[in-house]
Amino acid sequence: MQNDSRINQIFEQVVRRNPGETEFHQAVKEVIESLGPVLHKHPQYAEHKIIERICEPERQIIFRVPWVDDRGEVQINRGFRVQFNSALGPYKGGLRFHPSVYLGIIKFLGFEQTFKNAITGMPIGGAKGGSDFDPKGRSDAEVMRFCQSFILELHRHLGEYTDVPAGDIGVGAREIGYLFGQYKRIVNRYESGVITGKSPQWGGALVRREATGYGCVYFVDEMLKVRDQSIDGMSCVVSGSGNVAIYAIEKLQQLGAQVVACSDSNGVIHDPHGIRLDAVKRLKEVERRRIRDYAAEHRDARYIEGGSVWDIPCQVALPCATQNELDERAARTLLANGCIAVAEGANMPSTPGAVKLFHDAGIAFGPGKAANAGGVSTSALEMQQNASRDAWTFEFTEQRLNEIMRNVHRDCYETAAEYGNSGNYVIGANIAGFIRVAEAMLAFGVI
Ligand code: NDP
């Protein structure tokens, strides 16, 4: 059978077997569309049905999460953990708490995570989990009770050699603390390596909080270097104002770029003289307020309720909020305004149409699988420190992160060139990640 028609058939089967899971379909399509030339070069992958097996999660866990709110009312949420692939190491991937969460979102994230983790070269498999619980507007006590109920069920599937979760949207330092505390109590073991993103005061790695945002900026910088350009002096916009966005802004500013806009799910802040990051950190990390409050404190800044951050002119755009937040209309606006580089801090934030426009325009485009791999890489460094009961300095850990991101960039760049698509980091990342997982799966036989 021709490789392209084989891939079409596999995709049709994925859609049939996973009805209604549109984000999962989108993520699968984007990866397997790149794999025709790989099957041509490595026919053994088709013979052993590696693509078919990779598209089917090894295990999917769905469970009830009952808890009691501050008014004494019983609340019920749904919890998920999709353990996608353990060919390269224990399952590894974050937990997302957001009302939009359903099986299709967790499967898309777990699928992406498998290839991302492979590209890092670290010994970690792919997984993702979460719940449709919305921490926004909930008291600390409510978040704690939810987390305790969530982990009471999930703990039996976790372990430092089995499955190691971390944070994602809606799961930050506070939630990781409650999850780890309850896990420790249930198993009666101080198993630091069971979860990453912990506070450095009790087993977490320095730089983990900063890692995804910093890593994304390192990746952009590498893409620009290939084009004899530098991030220094560039005008940038970043979507979101959560963990990834905040530390992307921090590194951009450290490297001399000017960040003129960021956002949350309600609106956009445009500050033409440069976003004051200390104010964003206080509002979002400490006071848990909305980004609109920034404008009340800074007269030069303008708040645009319901606006699109991509309407603000920039040279570099970093989508760091959520999936499918940058569509074709936004891509056209960015290109018309002179944008020369886009790197995805978030997972799958650009729609397929937007990605095509970026490629057609020949600008530098870094897909999330590669550009946001700094977070999970530093999680793997956290696991390494936990296993050896060691704690590295900020400088040393950041240097490791920087090396890893440069290697990720180089691997994607060289793989794209090897397969005749120079400069296409989507193809480079998909193929480099796939081959690492596929080789391990071949070695293990049919399992
Ligand atoms: P946070 O919860 O810290 O921040 C998320 C940000 O995105 C907030 O500003 C939030 O606004 C905004 N946002 C979330 N959902 C939506 C939506 N539906 N529409 C518009 N804005 C939205 O999450 P993170 O920063 O950790 O994660 C951001 C992205 O980065 C996600 O795609 C995640 O999967 C990805 N990622 C995260 C990693 C990490 O280490 N944390 C690692 C790799 C990828 P609001 O507060 O209004 O909801």
# chains A, B, ... in the order shown; residues from 1 in each chain; ligands from 1

call {"tool": "closest_atom_pairs", "arguments": {"of": "chain A", "to": "ligand 1", "cutoff": "6 Å", "atoms": "only C-alpha atoms and all ligand atoms", "output": "JSON lines"}}
result
{"residue": "A:Gly167", "atom": "CA", "partner": "ligand 1", "partner_atom_place_in_ligand_line": "41 (N)", "distance": 5.7}
{"residue": "A:Asp168", "atom": "CA", "partner": "ligand 1", "partner_atom_place_in_ligand_line": "26 (O)", "distance": 4.2}
{"residue": "A:Ile169", "atom": "CA", "partner": "ligand 1", "partner_atom_place_in_ligand_line": "2 (O)", "distance": 3.3}
{"residue": "A:Gly170", "atom": "CA", "partner": "ligand 1", "partner_atom_place_in_ligand_line": "2 (O)", "distance": 4.0}
{"residue": "A:Thr212", "atom": "CA", "partner": "ligand 1", "partner_atom_place_in_ligand_line": "40 (O)", "distance": 5.0}
{"residue": "A:Gly240", "atom": "CA", "partner": "ligand 1", "partner_atom_place_in_ligand_line": "9 (O)", "distance": 3.6}
{"residue": "A:Ser241", "atom": "CA", "partner": "ligand 1", "partner_atom_place_in_ligand_line": "9 (O)", "distance": 3.8}
{"residue": "A:Gly242", "atom": "CA", "partner": "ligand 1", "partner_atom_place_in_ligand_line": "4 (O)", "distance": 3.2}
{"residue": "A:Asn243", "atom": "CA", "partner": "ligand 1", "partner_atom_place_in_ligand_line": "25 (O)", "distance": 3.7}
{"residue": "A:Val244", "atom": "CA", "partner": "ligand 1", "partner_atom_place_in_ligand_line": "25 (O)", "distance": 3.8}
{"residue": "A:Ala245", "atom": "CA", "partner": "ligand 1", "partner_atom_place_in_ligand_line": "25 (O)", "distance": 5.9}
{"residue": "A:Asp264", "atom": "CA", "partner": "ligand 1", "partner_atom_place_in_ligand_line": "11 (O)", "distance": 3.8}
{"residue": "A:Ser265", "atom": "CA", "partner": "ligand 1", "partner_atom_place_in_ligand_line": "47 (O)", "distance": 3.6}
{"residue": "A:Asn266", "atom": "CA", "partner": "ligand 1", "partner_atom_place_in_ligand_line": "47 (O)", "distance": 5.8}
{"residue": "A:Cys320", "atom": "CA", "partner": "ligand 1", "partner_atom_place_in_ligand_line": "29 (C)", "distance": 5.1}
{"residue": "A:Ala321", "atom": "CA", "partner": "ligand 1", "partner_atom_place_in_ligand_line": "7 (O)", "distance": 3.3}
{"residue": "A:Thr322", "atom": "CA", "partner": "ligand 1", "partner_atom_place_in_ligand_line": "32 (O)", "distance": 4.0}
{"residue": "A:Gln323", "atom": "CA", "partner": "ligand 1", "partner_atom_place_in_ligand_line": "32 (O)", "distance": 5.9}
{"residue": "A:Gly345", "atom": "CA", "partner": "ligand 1", "partner_atom_place_in_ligand_line": "30 (O)", "distance": 5.4}
{"residue": "A:Ala346", "atom": "CA", "partner": "ligand 1", "partner_atom_place_in_ligand_line": "30 (O)", "distance": 3.4}
{"residue": "A:Asn347", "atom": "CA", "partner": "ligand 1", "partner_atom_place_in_ligand_line": "32 (O)", "distance": 4.2}
{"residue": "A:Asn372", "atom": "CA", "partner": "ligand 1", "partner_atom_place_in_ligand_line": "43 (C)", "distance": 5.0}
{"residue": "A:Gly375", "atom": "CA", "partner": "ligand 1", "partner_atom_place_in_ligand_line": "40 (O)", "distance": 4.4}

call {"tool": "write_last_selection", "arguments": {"atoms": "N, CA, C and O atoms", "output": "PDB file, in the first residue's frame"}}
result
ATOM      1  N   GLY A 167       2.297  20.211  36.675  1.00  0.00           N
ATOM      2  CA  GLY A 167       1.238  21.212  36.490  1.00  0.00           C
ATOM      3  C   GLY A 167       0.927  21.461  35.031  1.00  0.00           C
ATOM      4  O   GLY A 167       1.611  20.981  34.137  1.00  0.00           O
ATOM      5  N   ASP A 168      -0.139  22.189  34.788  1.00  0.00           N
ATOM      6  CA  ASP A 168      -0.522  22.688  33.468  1.00  0.00           C
ATOM      7  C   ASP A 168      -1.519  23.806  33.767  1.00  0.00           C
ATOM      8  O   ASP A 168      -1.525  24.355  34.888  1.00  0.00           O
ATOM      9  N   ILE A 169      -2.415  24.119  32.848  1.00  0.00           N
ATOM     10  CA  ILE A 169      -3.382  25.191  33.083  1.00  0.00           C
ATOM     11  C   ILE A 169      -4.150  24.907  34.384  1.00  0.00           C
ATOM     12  O   ILE A 169      -4.663  23.802  34.576  1.00  0.00           O
ATOM     13  N   GLY A 170      -4.192  25.899  35.266  1.00  0.00           N
ATOM     14  CA  GLY A 170      -4.962  25.779  36.510  1.00  0.00           C
ATOM     15  C   GLY A 170      -4.297  24.951  37.588  1.00  0.00           C
ATOM     16  O   GLY A 170      -4.854  24.787  38.668  1.00  0.00           O
ATOM     17  N   THR A 212       9.392  26.602  31.145  1.00  0.00           N
ATOM     18  CA  THR A 212       8.693  26.539  29.856  1.00  0.00           C
ATOM     19  C   THR A 212       8.823  27.879  29.129  1.00  0.00           C
ATOM     20  O   THR A 212       9.140  27.927  27.934  1.00  0.00           O
ATOM     21  N   GLY A 240      -1.768  35.233  27.084  1.00  0.00           N
ATOM     22  CA  GLY A 240      -1.859  34.662  28.414  1.00  0.00           C
ATOM     23  C   GLY A 240      -1.108  35.520  29.414  1.00  0.00           C
ATOM     24  O   GLY A 240      -0.405  36.492  29.044  1.00  0.00           O
ATOM     25  N   SER A 241      -1.269  35.172  30.679  1.00  0.00           N
ATOM     26  CA  SER A 241      -0.505  35.836  31.749  1.00  0.00           C
ATOM     27  C   SER A 241      -0.373  34.835  32.894  1.00  0.00           C
ATOM     28  O   SER A 241      -0.386  35.191  34.067  1.00  0.00           O
ATOM     29  N   GLY A 242      -0.260  33.555  32.504  1.00  0.00           N
ATOM     30  CA  GLY A 242      -0.076  32.487  33.483  1.00  0.00           C
ATOM     31  C   GLY A 242       1.390  32.126  33.585  1.00  0.00           C
ATOM     32  O   GLY A 242       2.274  32.924  33.246  1.00  0.00           O
ATOM     33  N   ASN A 243       1.648  30.899  34.013  1.00  0.00           N
ATOM     34  CA  ASN A 243       3.023  30.482  34.272  1.00  0.00           C
ATOM     35  C   ASN A 243       3.916  30.621  33.043  1.00  0.00           C
ATOM     36  O   ASN A 243       4.998  31.219  33.107  1.00  0.00           O
ATOM     37  N   VAL A 244       3.486  30.090  31.918  1.00  0.00           N
ATOM     38  CA  VAL A 244       4.352  30.097  30.729  1.00  0.00           C
ATOM     39  C   VAL A 244       4.550  31.538  30.237  1.00  0.00           C
ATOM     40  O   VAL A 244       5.677  31.970  29.956  1.00  0.00           O
ATOM     41  N   ALA A 245       3.458  32.298  30.168  1.00  0.00           N
ATOM     42  CA  ALA A 245       3.535  33.667  29.648  1.00  0.00           C
ATOM     43  C   ALA A 245       4.453  34.533  30.506  1.00  0.00           C
ATOM     44  O   ALA A 245       5.326  35.247  29.978  1.00  0.00           O
ATOM     45  N   ASP A 264      -5.415  37.778  29.263  1.00  0.00           N
ATOM     46  CA  ASP A 264      -5.989  36.595  29.912  1.00  0.00           C
ATOM     47  C   ASP A 264      -7.268  36.257  29.151  1.00  0.00           C
ATOM     48  O   ASP A 264      -7.494  36.818  28.058  1.00  0.00           O
ATOM     49  N   SER A 265      -8.098  35.373  29.684  1.00  0.00           N
ATOM     50  CA  SER A 265      -9.235  34.935  28.858  1.00  0.00           C
ATOM     51  C   SER A 265     -10.307  36.019  28.738  1.00  0.00           C
ATOM     52  O   SER A 265     -11.234  35.870  27.944  1.00  0.00           O
ATOM     53  N   ASN A 266     -10.168  37.130  29.464  1.00  0.00           N
ATOM     54  CA  ASN A 266     -11.141  38.219  29.333  1.00  0.00           C
ATOM     55  C   ASN A 266     -10.693  39.344  28.396  1.00  0.00           C
ATOM     56  O   ASN A 266     -11.542  40.001  27.787  1.00  0.00           O
ATOM     57  N   CYS A 320       0.988  31.688  24.422  1.00  0.00           N
ATOM     58  CA  CYS A 320       1.321  30.977  25.671  1.00  0.00           C
ATOM     59  C   CYS A 320       0.081  30.735  26.522  1.00  0.00           C
ATOM     60  O   CYS A 320       0.191  30.619  27.746  1.00  0.00           O
ATOM     61  N   ALA A 321      -1.127  30.693  25.910  1.00  0.00           N
ATOM     62  CA  ALA A 321      -2.347  30.517  26.710  1.00  0.00           C
ATOM     63  C   ALA A 321      -2.956  29.133  26.515  1.00  0.00           C
ATOM     64  O   ALA A 321      -2.907  28.291  27.411  1.00  0.00           O
ATOM     65  N   THR A 322      -3.518  28.864  25.322  1.00  0.00           N
ATOM     66  CA  THR A 322      -4.288  27.622  25.201  1.00  0.00           C
ATOM     67  C   THR A 322      -4.377  27.167  23.744  1.00  0.00           C
ATOM     68  O   THR A 322      -3.912  27.874  22.833  1.00  0.00           O
ATOM     69  N   GLN A 323      -5.020  26.005  23.517  1.00  0.00           N
ATOM     70  CA  GLN A 323      -5.096  25.444  22.158  1.00  0.00           C
ATOM     71  C   GLN A 323      -5.993  26.285  21.243  1.00  0.00           C
ATOM     72  O   GLN A 323      -6.983  26.860  21.685  1.00  0.00           O
ATOM     73  N   GLY A 345       4.501  28.653  23.095  1.00  0.00           N
ATOM     74  CA  GLY A 345       4.701  28.303  24.499  1.00  0.00           C
ATOM     75  C   GLY A 345       3.587  27.379  24.954  1.00  0.00           C
ATOM     76  O   GLY A 345       3.775  26.499  25.780  1.00  0.00           O
ATOM     77  N   ALA A 346       2.384  27.570  24.398  1.00  0.00           N
ATOM     78  CA  ALA A 346       1.239  26.716  24.721  1.00  0.00           C
ATOM     79  C   ALA A 346       1.269  25.467  23.841  1.00  0.00           C
ATOM     80  O   ALA A 346       2.076  25.358  22.914  1.00  0.00           O
ATOM     81  N   ASN A 347       0.361  24.524  24.133  1.00  0.00           N
ATOM     82  CA  ASN A 347       0.234  23.327  23.304  1.00  0.00           C
ATOM     83  C   ASN A 347      -0.806  23.551  22.218  1.00  0.00           C
ATOM     84  O   ASN A 347      -1.948  23.886  22.522  1.00  0.00           O
ATOM     85  N   ASN A 372       8.060  24.433  23.529  1.00  0.00           N
ATOM     86  CA  ASN A 372       7.736  24.473  24.963  1.00  0.00           C
ATOM     87  C   ASN A 372       8.257  23.241  25.724  1.00  0.00           C
ATOM     88  O   ASN A 372       7.823  22.967  26.841  1.00  0.00           O
ATOM     89  N   GLY A 375       9.831  22.950  29.767  1.00  0.00           N
ATOM     90  CA  GLY A 375       9.150  22.648  31.030  1.00  0.00           C
ATOM     91  C   GLY A 375       9.345  21.197  31.419  1.00  0.00           C
ATOM     92  O   GLY A 375       9.822  20.886  32.524  1.00  0.00           O
TER      93      GLY A 375
END

call {"tool": "select_by_dssp", "arguments": {"residues": "region 205-344 of chain A", "states": "strand (DSSP E or B)", "output": "list in words"}}
result
Ser235, Cys236, Val237, Val238, Gln258, Val259, Val260, Ala261, Cys262, Ser263, Gly267, Val268, Ile269, His270, Arg302, Tyr303, Ile304, Glu305, Val316, Ala317, Leu318, Leu326, Ala341, Val342 and Ala343 of chain A

call {"tool": "closest_residue", "arguments": {"among": "A:Val65, A:Gly274, A:Ala440, A:Pro37", "to": "Glu418 (chain A)", "atoms": "only C-alpha atoms"}}
result
A:Pro37

call {"tool": "closest_residue", "arguments": {"among": "A:Tyr178, A:Tyr45, A:Tyr294, A:Tyr161", "to": "Met144 (chain A)", "atoms": "only C-alpha atoms"}}
result
A:Tyr178

call {"tool": "closest_residue", "arguments": {"among": "A:Asn430, A:Thr415, A:Thr333, A:Gln60", "to": "Gly368 (chain A)", "atoms": "only C-alpha atoms"}}
result
A:Asn430

call {"tool": "residues_around", "arguments": {"residues": "Ile105 (chain A)", "least_positions_apart": "5", "cutoff": "8 Å", "atoms": "only C-alpha atoms", "output": "number ranges by chain"}}
result
A: 21, 23-24

call {"tool": "closest_residue", "arguments": {"among": "A:Glu210, A:Glu250, A:Glu58, A:Glu52", "to": "Phe84 (chain A)", "atoms": "only C-alpha atoms"}}
result
A:Glu58

call {"tool": "closest_atom_pairs", "arguments": {"of": "region 79-159 of chain A", "to": "region 386-409 of chain A", "cutoff": "12 Å", "atoms": "only C-alpha atoms", "output": "JSON lines"}}
result
{"residue": "A:Phe115", "atom": "CA", "partner": "A:Val408", "partner_atom": "CA", "distance": 11.8}
{"residue": "A:Lys116", "atom": "CA", "partner": "A:Val408", "partner_atom": "CA", "distance": 9.5}
{"residue": "A:Asn117", "atom": "CA", "partner": "A:Val408", "partner_atom": "CA", "distance": 10.5}
{"residue": "A:Ala118", "atom": "CA", "partner": "A:Val408", "partner_atom": "CA", "distance": 10.0}
{"residue": "A:Ile119", "atom": "CA", "partner": "A:Val408", "partner_atom": "CA", "distance": 6.3}
{"residue": "A:Thr120", "atom": "CA", "partner": "A:Val408", "partner_atom": "CA", "distance": 6.1}
{"residue": "A:Gly121", "atom": "CA", "partner": "A:Val408", "partner_atom": "CA", "distance": 8.4}
{"residue": "A:Met122", "atom": "CA", "partner": "A:Ile404", "partner_atom": "CA", "distance": 9.6}

call {"tool": "residues_around", "arguments": {"residues": "region 2-6 of chain A", "least_positions_apart": "2", "cutoff": "12 Å", "atoms": "only C-alpha atoms", "output": "list in words"}}
result
Asn8, Gln9, Ile10, Phe11, Glu12, Gln13, Ile32, Glu33, Ser34, Leu35, Gly36, Pro37, Val38, Leu39, His40, Lys41, His42, Pro43, Tyr45, Ala46, Glu47, Lys49, Ile51 and Glu52 of chain A

call {"tool": "residues_around", "arguments": {"residues": "region 150-160 of chain A", "least_positions_apart": "5", "cutoff": "7 Å", "atoms": "only C-alpha atoms", "output": "PyMOL selection string"}}
result
chain A and resi 65+79+179+182-183+193-194

call {"tool": "closest_residue", "arguments": {"among": "A:Asp327, A:Gly267, A:Val259, A:Ser377", "to": "Ala211 (chain A)", "atoms": "only C-alpha atoms"}}
result
A:Ser377

call {"tool": "closest_residue", "arguments": {"among": "A:Glu142, A:Leu95, A:Gly129, A:Pro352", "to": "Pro66 (chain A)", "atoms": "only C-alpha atoms"}}
result
A:Glu142

call {"tool": "atom_distance", "arguments": {"atom1": "CA of Gly213 (chain A)", "atom2": "CA of Ala296 (chain A)"}}
result
26.2 Å
